[in-house]
file start-v7.txt (compact mmCIF, C-alpha atoms)
# COMPACT_ATOMS: atom_id res chain seq x y z
CA MET V 164 50.71 26.02 -82.14
CA SER V 165 54.30 24.98 -82.66
CA VAL V 166 55.48 21.39 -82.64
CA GLN V 167 57.37 22.06 -79.41
CA GLU V 168 54.25 23.44 -77.70
CA ARG V 169 52.24 20.41 -78.81
CA LYS V 170 54.92 18.03 -77.48
CA GLU V 171 55.01 19.87 -74.14
CA ARG V 172 51.23 19.72 -73.88
CA GLU V 173 51.23 15.98 -74.68
CA ARG V 174 54.00 15.37 -72.14
CA ALA V 175 52.05 17.22 -69.44
CA ALA V 176 48.91 15.23 -70.29
CA ARG V 177 50.86 11.95 -70.05
CA GLU V 178 52.27 13.00 -66.68
CA ARG V 179 48.77 13.83 -65.37
CA LEU V 180 47.57 10.44 -66.65
CA ILE V 181 50.39 8.62 -64.84
CA VAL V 182 49.65 10.42 -61.56
CA ALA V 183 45.88 9.93 -61.86
CA THR V 184 46.31 6.24 -62.66
CA ALA V 185 48.72 5.76 -59.74
CA ARG V 186 46.22 7.42 -57.40
CA GLU V 187 43.37 5.30 -58.68
CA LEU V 188 45.33 2.07 -58.38
CA ALA V 189 46.60 2.99 -54.90
CA GLU V 190 43.10 3.89 -53.68
CA GLN V 191 41.71 0.62 -55.05
CA GLN V 192 44.49 -1.81 -54.12
CA GLY V 193 47.04 0.02 -51.97
CA TRP V 194 50.45 1.43 -52.79
CA ASP V 195 52.05 -2.02 -53.00
CA ALA V 196 49.99 -2.59 -56.15
CA VAL V 197 51.47 0.50 -57.82
CA THR V 198 54.39 -0.61 -59.95
CA THR V 199 55.80 0.91 -63.10
CA ARG V 200 54.88 -2.27 -64.98
CA ARG V 201 51.23 -2.11 -63.89
CA LEU V 202 51.06 1.63 -64.53
CA ALA V 203 52.52 1.18 -68.02
CA GLU V 204 49.93 -1.51 -68.77
CA ARG V 205 47.05 0.61 -67.50
CA ILE V 206 47.99 3.77 -69.38
CA GLU V 207 49.09 1.82 -72.47
CA TYR V 208 52.58 3.28 -72.64
CA SER V 209 55.90 1.52 -72.27
CA GLN V 210 57.86 1.55 -69.01
CA PRO V 211 60.58 3.71 -70.62
CA VAL V 212 57.90 6.37 -71.25
CA LEU V 213 57.02 6.27 -67.55
CA TYR V 214 60.68 6.58 -66.65
CA SER V 215 60.98 9.60 -68.94
CA HIS V 216 58.55 11.34 -66.56
CA PHE V 217 59.43 9.81 -63.18
CA ARG V 218 62.57 8.00 -62.06
CA GLY V 219 60.44 5.49 -60.18
CA LYS V 220 57.65 4.87 -57.75
CA ARG V 221 59.10 7.24 -55.15
CA GLU V 222 58.76 10.22 -57.51
CA ILE V 223 55.24 9.14 -58.45
CA ILE V 224 54.33 9.05 -54.76
CA GLY V 225 55.83 12.54 -54.45
CA ALA V 226 53.73 13.81 -57.36
CA VAL V 227 50.58 12.36 -55.77
CA ALA V 228 51.54 13.98 -52.46
CA LEU V 229 51.94 17.39 -54.07
CA GLU V 230 48.61 17.06 -55.84
CA GLY V 231 46.97 15.95 -52.60
CA ALA V 232 48.47 18.84 -50.63
CA ALA V 233 47.03 21.31 -53.14
CA GLU V 234 43.62 19.63 -52.96
CA MET V 235 43.63 19.58 -49.17
CA ALA V 236 44.64 23.24 -48.96
CA SER V 237 41.80 24.15 -51.30
CA ALA V 238 39.29 22.09 -49.29
CA LEU V 239 40.47 23.61 -46.00
CA ARG V 240 40.20 27.15 -47.33
CA ALA V 241 36.75 26.53 -48.78
CA ALA V 242 35.50 25.10 -45.48
CA THR V 243 37.00 27.79 -43.29
CA SER V 244 35.92 30.67 -45.51
CA ALA V 245 32.30 29.51 -45.18
CA ALA V 246 32.51 29.42 -41.37
CA ASP V 247 31.59 32.36 -39.17
CA GLY V 248 34.01 33.13 -36.33
CA PRO V 249 37.24 31.54 -35.08
CA ARG V 250 35.63 28.55 -33.33
CA ALA V 251 33.54 27.67 -36.37
CA ARG V 252 36.61 28.03 -38.63
CA VAL V 253 38.76 25.74 -36.49
CA THR V 254 35.95 23.18 -36.21
CA ALA V 255 35.39 23.29 -39.97
CA LEU V 256 39.14 22.93 -40.54
CA ALA V 257 39.34 19.86 -38.27
CA ARG V 258 36.31 18.18 -39.84
CA THR V 259 37.54 18.89 -43.36
CA TYR V 260 41.04 17.61 -42.62
CA LEU V 261 39.72 14.37 -41.11
CA ASP V 262 37.21 13.94 -43.94
CA PHE V 263 39.96 14.42 -46.54
CA ALA V 264 42.12 11.78 -44.83
CA GLU V 265 39.19 9.35 -44.68
CA ARG V 266 38.05 9.86 -48.27
CA ASN V 267 41.58 9.78 -49.76
CA PRO V 268 43.57 7.21 -47.77
CA ALA V 269 46.17 6.49 -50.46
CA VAL V 270 46.72 10.18 -51.16
CA TYR V 271 46.96 10.87 -47.43
CA ASP V 272 49.55 8.10 -47.14
CA ALA V 273 51.52 9.61 -50.01
CA MET V 274 51.44 12.98 -48.27
CA PHE V 275 52.38 11.89 -44.75
CA GLN V 276 53.30 8.22 -44.45
CA LEU V 277 55.29 7.20 -47.53
CA ASP V 278 58.63 8.38 -48.86
CA GLY V 279 57.91 10.56 -51.86
CA GLY V 280 61.32 12.18 -51.73
CA LEU V 281 59.88 15.53 -50.67
CA PRO V 282 61.58 17.73 -48.08
CA PHE V 283 59.33 19.04 -45.30
CA ALA V 284 59.83 22.07 -43.05
CA VAL V 285 62.86 23.46 -44.89
CA GLU V 286 63.41 26.19 -47.43
CA GLU V 287 63.42 23.64 -50.29
CA THR V 288 59.96 22.36 -49.36
CA PRO V 289 57.77 22.43 -52.48
CA GLU V 290 55.23 25.25 -52.64
CA GLN V 291 52.24 22.89 -52.52
CA LEU V 292 53.37 21.55 -49.15
CA LYS V 293 54.08 25.03 -47.82
CA ASP V 294 50.63 26.11 -48.97
CA GLY V 295 49.02 23.11 -47.26
CA PHE V 296 50.58 24.19 -43.99
CA ALA V 297 49.61 27.81 -44.67
CA ALA V 298 45.98 26.71 -45.10
CA LEU V 299 46.14 25.28 -41.57
CA LEU V 300 47.99 28.28 -40.15
CA GLU V 301 45.48 30.79 -41.53
CA SER V 302 42.75 29.55 -39.19
CA LEU V 303 44.82 28.09 -36.38
CA GLY V 304 47.14 31.07 -35.96
CA GLU V 305 44.27 33.22 -34.74
CA VAL V 306 43.44 30.79 -31.90
CA ALA V 307 46.97 29.98 -30.70
CA GLY V 308 46.62 32.11 -27.60
CA ASP V 309 48.76 34.83 -26.07
CA GLY V 310 52.46 34.11 -26.06
CA VAL V 311 52.10 30.99 -28.23
CA HIS V 312 53.88 30.99 -31.58
CA PRO V 313 51.17 30.48 -34.25
CA GLY V 314 53.37 28.14 -36.31
CA LEU V 315 54.19 25.98 -33.33
CA PHE V 316 50.54 25.83 -32.29
CA THR V 317 49.60 24.85 -35.85
CA GLU V 318 52.15 22.03 -35.78
CA VAL V 319 50.71 20.66 -32.52
CA PHE V 320 47.11 20.91 -33.73
CA TRP V 321 48.08 19.32 -37.05
CA ALA V 322 49.83 16.49 -35.19
CA ALA V 323 46.64 15.89 -33.19
CA LEU V 324 44.57 15.80 -36.39
CA HIS V 325 47.07 13.44 -38.02
CA GLY V 326 46.94 11.17 -34.98
CA LEU V 327 43.14 11.11 -35.05
CA ALA V 328 43.13 10.40 -38.79
CA THR V 329 45.62 7.54 -38.64
CA LEU V 330 44.29 5.95 -35.44
CA THR V 331 40.71 6.07 -36.69
CA ARG V 332 41.68 4.57 -40.03
CA ALA V 333 43.62 1.80 -38.28
CA GLY V 334 40.51 0.94 -36.27
CA ARG V 335 42.12 2.00 -32.99
CA LEU V 336 39.47 4.63 -32.25
CA PRO V 337 35.71 4.00 -32.42
CA PRO V 338 34.21 5.98 -35.31
CA ALA V 339 31.09 6.81 -33.28
CA GLU V 340 33.08 9.26 -31.16
CA ALA V 341 34.66 11.17 -34.08
CA GLU V 342 32.59 14.32 -33.60
CA ARG V 343 33.22 14.41 -29.86
CA ARG V 344 36.97 14.16 -30.52
CA VAL V 345 36.82 17.18 -32.81
CA GLU V 346 34.87 19.15 -30.20
CA LEU V 347 37.35 18.18 -27.48
CA LEU V 348 40.30 19.10 -29.64
CA VAL V 349 38.85 22.51 -30.44
CA ASP V 350 37.72 23.13 -26.85
CA ARG V 351 41.00 22.16 -25.20
CA LEU V 352 43.61 23.39 -27.66
CA ALA V 353 42.17 26.41 -29.41
CA VAL V 354 41.67 29.71 -27.60
CA VAL V 355 38.31 30.72 -29.05

call {"tool": "encode", "arguments": {"input": "start-v7.txt", "output": "structure tokens"}}
result
Amino acid sequence: MSVQERKERERAARERLIVATARELAEQQGWDAVTTRRLAERIEYSQPVLYSHFRGKREIIGAVALEGAAEMASALRAATSAADGPRARVTALARTYLDFAERNPAVYDAMFQLDGGLPFAVEETPEQLKDGFAALLESLGEVAGDGVHPGLFTEVFWAALHGLATLTRAGRLPPAEAERRVELLVDRLAVV
């Protein structure tokens, strides 16, 4: 292995460590607790080393969002591939999405609530975000109904899921009714 290859590998490992530490700190204490100073202390590198990877907190949030989008897409695909039939796939997708949001609140915030400097719904959108949407579209497109654009239907269904996730987390919806909300969403929106 050349010196250059070793340096690139070490740089990539440092970057993964920064992102993992930011996620951990955000999940434990919230995004306000994530500062370059605290990250530098936790990973035992100087702040200039952090800045050699990310220009600031915004880019770190963006990196967490991209990682989260890839994880969510993988979880959605795993859940829907194990389901039999369109209704079961859409139900599995909804449950998995809501479970991901509940289990990873800081990552979910990085993906959809905070400014990570990432463009959405344009050609320049990073591949991980496009793939996250594609993971939704793969199951939802087949239940959009006649004359309904699959992408548009996916946006509406996704918006409903996002609303359920954020309102439940904020304590605005009683958790005891979570399963009934998923059933209602699938029954009323999806043509299965």

call {"tool": "residues_around", "arguments": {"input": "start-v7.txt", "residues": "region 324-335 of chain V", "least_positions_apart": "5", "cutoff": "8 Å", "atoms": "only C-alpha atoms", "output": "list in words"}}
result
Ala257, Tyr260, Leu261, Ala264 and Glu265 of chain V

call {"tool": "residues_around", "arguments": {"input": "start-v7.txt", "residues": "Glu342 (chain V)", "least_positions_apart": "5", "cutoff": "10 Å", "atoms": "all atoms listed in the file", "output": "PyMOL selection string"}}
result
chain V and resi 254+257-258+347-348

call {"tool": "axis_aligned_box", "arguments": {"input": "start-v7.txt", "around": "region 301-314 of chain V", "padding_each_side": "5 Å", "output": "JSON"}}
result
{"center_x": 48.3, "center_y": 31.5, "center_z": -33.8, "size_x": 21.1, "size_y": 16.7, "size_z": 25.5}

call {"tool": "closest_residue", "arguments": {"input": "start-v7.txt", "among": "V:Thr259, V:Glu340, V:Val197, V:Tyr208", "to": "Arg177 (chain V)", "atoms": "all atoms listed in the file"}}
result
V:Tyr208

call {"tool": "atom_distance", "arguments": {"input": "start-v7.txt", "atom1": "CA of Ala183 (chain V)", "atom2": "CA of Ile224 (chain V)"}}
result
11.1 Å

call {"tool": "closest_residue", "arguments": {"input": "start-v7.txt", "among": "V:Arg240, V:Arg351, V:Arg200, V:Lys293", "to": "Ala255 (chain V)", "atoms": "all atoms listed in the file"}}
result
V:Arg240

call {"tool": "residues_around", "arguments": {"input": "start-v7.txt", "residues": "Asp294 (chain V)", "least_positions_apart": "3", "cutoff": "12 Å", "atoms": "all atoms listed in the file", "output": "compact mmCIF listing (two decimals) with C-alpha atoms, keeping the file's coordinate frame"}}
result
# COMPACT_ATOMS: atom_id res chain seq x y z
CA LEU V 229 51.94 17.39 -54.07
CA GLU V 230 48.61 17.06 -55.84
CA GLY V 231 46.97 15.95 -52.60
CA ALA V 232 48.47 18.84 -50.63
CA ALA V 233 47.03 21.31 -53.14
CA GLU V 234 43.62 19.63 -52.96
CA MET V 235 43.63 19.58 -49.17
CA ALA V 236 44.64 23.24 -48.96
CA SER V 237 41.80 24.15 -51.30
CA LEU V 239 40.47 23.61 -46.00
CA ARG V 240 40.20 27.15 -47.33
CA PHE V 283 59.33 19.04 -45.30
CA ALA V 284 59.83 22.07 -43.05
CA THR V 288 59.96 22.36 -49.36
CA PRO V 289 57.77 22.43 -52.48
CA GLU V 290 55.23 25.25 -52.64
CA GLN V 291 52.24 22.89 -52.52
CA ALA V 297 49.61 27.81 -44.67
CA ALA V 298 45.98 26.71 -45.10
CA LEU V 299 46.14 25.28 -41.57
CA LEU V 300 47.99 28.28 -40.15
CA GLU V 301 45.48 30.79 -41.53

call {"tool": "residues_near_point", "arguments": {"input": "start-v7.txt", "point": "(59.2, 6.7, -66.8)", "cutoff": "12 Å", "atoms": "all atoms listed in the file", "output": "ChimeraX atom specification"}}
result
/V:174,177-178,181-182,198-200,202-203,206,208-223

call {"tool": "atom_distance", "arguments": {"input": "start-v7.txt", "atom1": "CA of Met274 (chain V)", "atom2": "CA of Gly225 (chain V)"}}
result
7.6 Å

call {"tool": "atom_distance", "arguments": {"input": "start-v7.txt", "atom1": "CA of Phe320 (chain V)", "atom2": "CA of Val355 (chain V)"}}
result
14.0 Å

call {"tool": "closest_residue", "arguments": {"input": "start-v7.txt", "among": "V:Leu352, V:Lys170, V:Leu188, V:Ala228", "to": "Ala322 (chain V)", "atoms": "all atoms listed in the file"}}
result
V:Leu352

call {"tool": "closest_residue", "arguments": {"input": "start-v7.txt", "among": "V:Gly248, V:Arg172, V:Glu190, V:Ala353", "to": "Asp309 (chain V)", "atoms": "all atoms listed in the file"}}
result
V:Ala353

call {"tool": "closest_residue", "arguments": {"input": "start-v7.txt", "among": "V:Thr317, V:Gln191, V:Leu180, V:Ser165", "to": "Glu207 (chain V)", "atoms": "only C-alpha atoms"}}
result
V:Leu180

call {"tool": "closest_residue", "arguments": {"input": "start-v7.txt", "among": "V:Val166, V:Val285, V:Ala269, V:Ala251", "to": "Ala196 (chain V)", "atoms": "only C-alpha atoms"}}
result
V:Ala269

call {"tool": "build_atoms", "arguments": {"input": "start-v7.txt", "residues": "region 203-218 of chain V", "atoms": "N, CA, C and O atoms", "output": "CSV table (one decimal), keeping the file's coordinate frame"}}
result
chain,number,residue,atom,x,y,z
V,203,ALA,N,52.3,1.2,-66.6
V,203,ALA,CA,52.5,1.2,-68.0
V,203,ALA,C,51.4,0.4,-68.7
V,203,ALA,O,50.9,0.9,-69.8
V,204,GLU,N,51.0,-0.7,-68.2
V,204,GLU,CA,49.9,-1.5,-68.8
V,204,GLU,C,48.6,-0.7,-68.8
V,204,GLU,O,47.9,-0.7,-69.8
V,205,ARG,N,48.3,-0.1,-67.6
V,205,ARG,CA,47.0,0.6,-67.5
V,205,ARG,C,47.0,1.8,-68.4
V,205,ARG,O,45.9,2.2,-68.9
V,206,ILE,N,48.1,2.6,-68.6
V,206,ILE,CA,48.0,3.8,-69.4
V,206,ILE,C,48.4,3.5,-70.8
V,206,ILE,O,48.3,4.4,-71.7
V,207,GLU,N,48.8,2.3,-71.1
V,207,GLU,CA,49.1,1.8,-72.5
V,207,GLU,C,50.3,2.6,-73.1
V,207,GLU,O,50.3,3.0,-74.2
V,208,TYR,N,51.3,2.7,-72.2
V,208,TYR,CA,52.6,3.3,-72.6
V,208,TYR,C,53.6,2.3,-72.1
V,208,TYR,O,53.4,1.6,-71.2
V,209,SER,N,54.8,2.4,-72.7
V,209,SER,CA,55.9,1.5,-72.3
V,209,SER,C,56.5,2.0,-70.9
V,209,SER,O,56.3,3.2,-70.6
V,210,GLN,N,57.2,1.1,-70.2
V,210,GLN,CA,57.9,1.6,-69.0
V,210,GLN,C,58.9,2.6,-69.3
V,210,GLN,O,59.0,3.6,-68.5
V,211,PRO,N,59.6,2.6,-70.4
V,211,PRO,CA,60.6,3.7,-70.6
V,211,PRO,C,59.9,5.1,-70.7
V,211,PRO,O,60.4,6.1,-70.3
V,212,VAL,N,58.6,5.1,-71.2
V,212,VAL,CA,57.9,6.4,-71.2
V,212,VAL,C,57.6,6.8,-69.8
V,212,VAL,O,57.8,8.0,-69.5
V,213,LEU,N,57.2,5.9,-69.0
V,213,LEU,CA,57.0,6.3,-67.6
V,213,LEU,C,58.3,6.8,-66.9
V,213,LEU,O,58.3,7.8,-66.3
V,214,TYR,N,59.4,6.1,-67.2
V,214,TYR,CA,60.7,6.6,-66.6
V,214,TYR,C,61.2,7.9,-67.3
V,214,TYR,O,62.0,8.6,-66.7
V,215,SER,N,60.6,8.3,-68.4
V,215,SER,CA,61.0,9.6,-68.9
V,215,SER,C,60.3,10.7,-68.2
V,215,SER,O,60.7,11.9,-68.3
V,216,HIS,N,59.3,10.4,-67.4
V,216,HIS,CA,58.6,11.3,-66.6
V,216,HIS,C,59.0,11.3,-65.1
V,216,HIS,O,59.1,12.3,-64.4
V,217,PHE,N,59.1,10.1,-64.6
V,217,PHE,CA,59.4,9.8,-63.2
V,217,PHE,C,60.5,8.8,-63.1
V,217,PHE,O,60.5,7.8,-63.8
V,218,ARG,N,61.5,9.0,-62.2
V,218,ARG,CA,62.6,8.0,-62.1
V,218,ARG,C,62.1,6.7,-61.4
V,218,ARG,O,62.8,5.7,-61.4
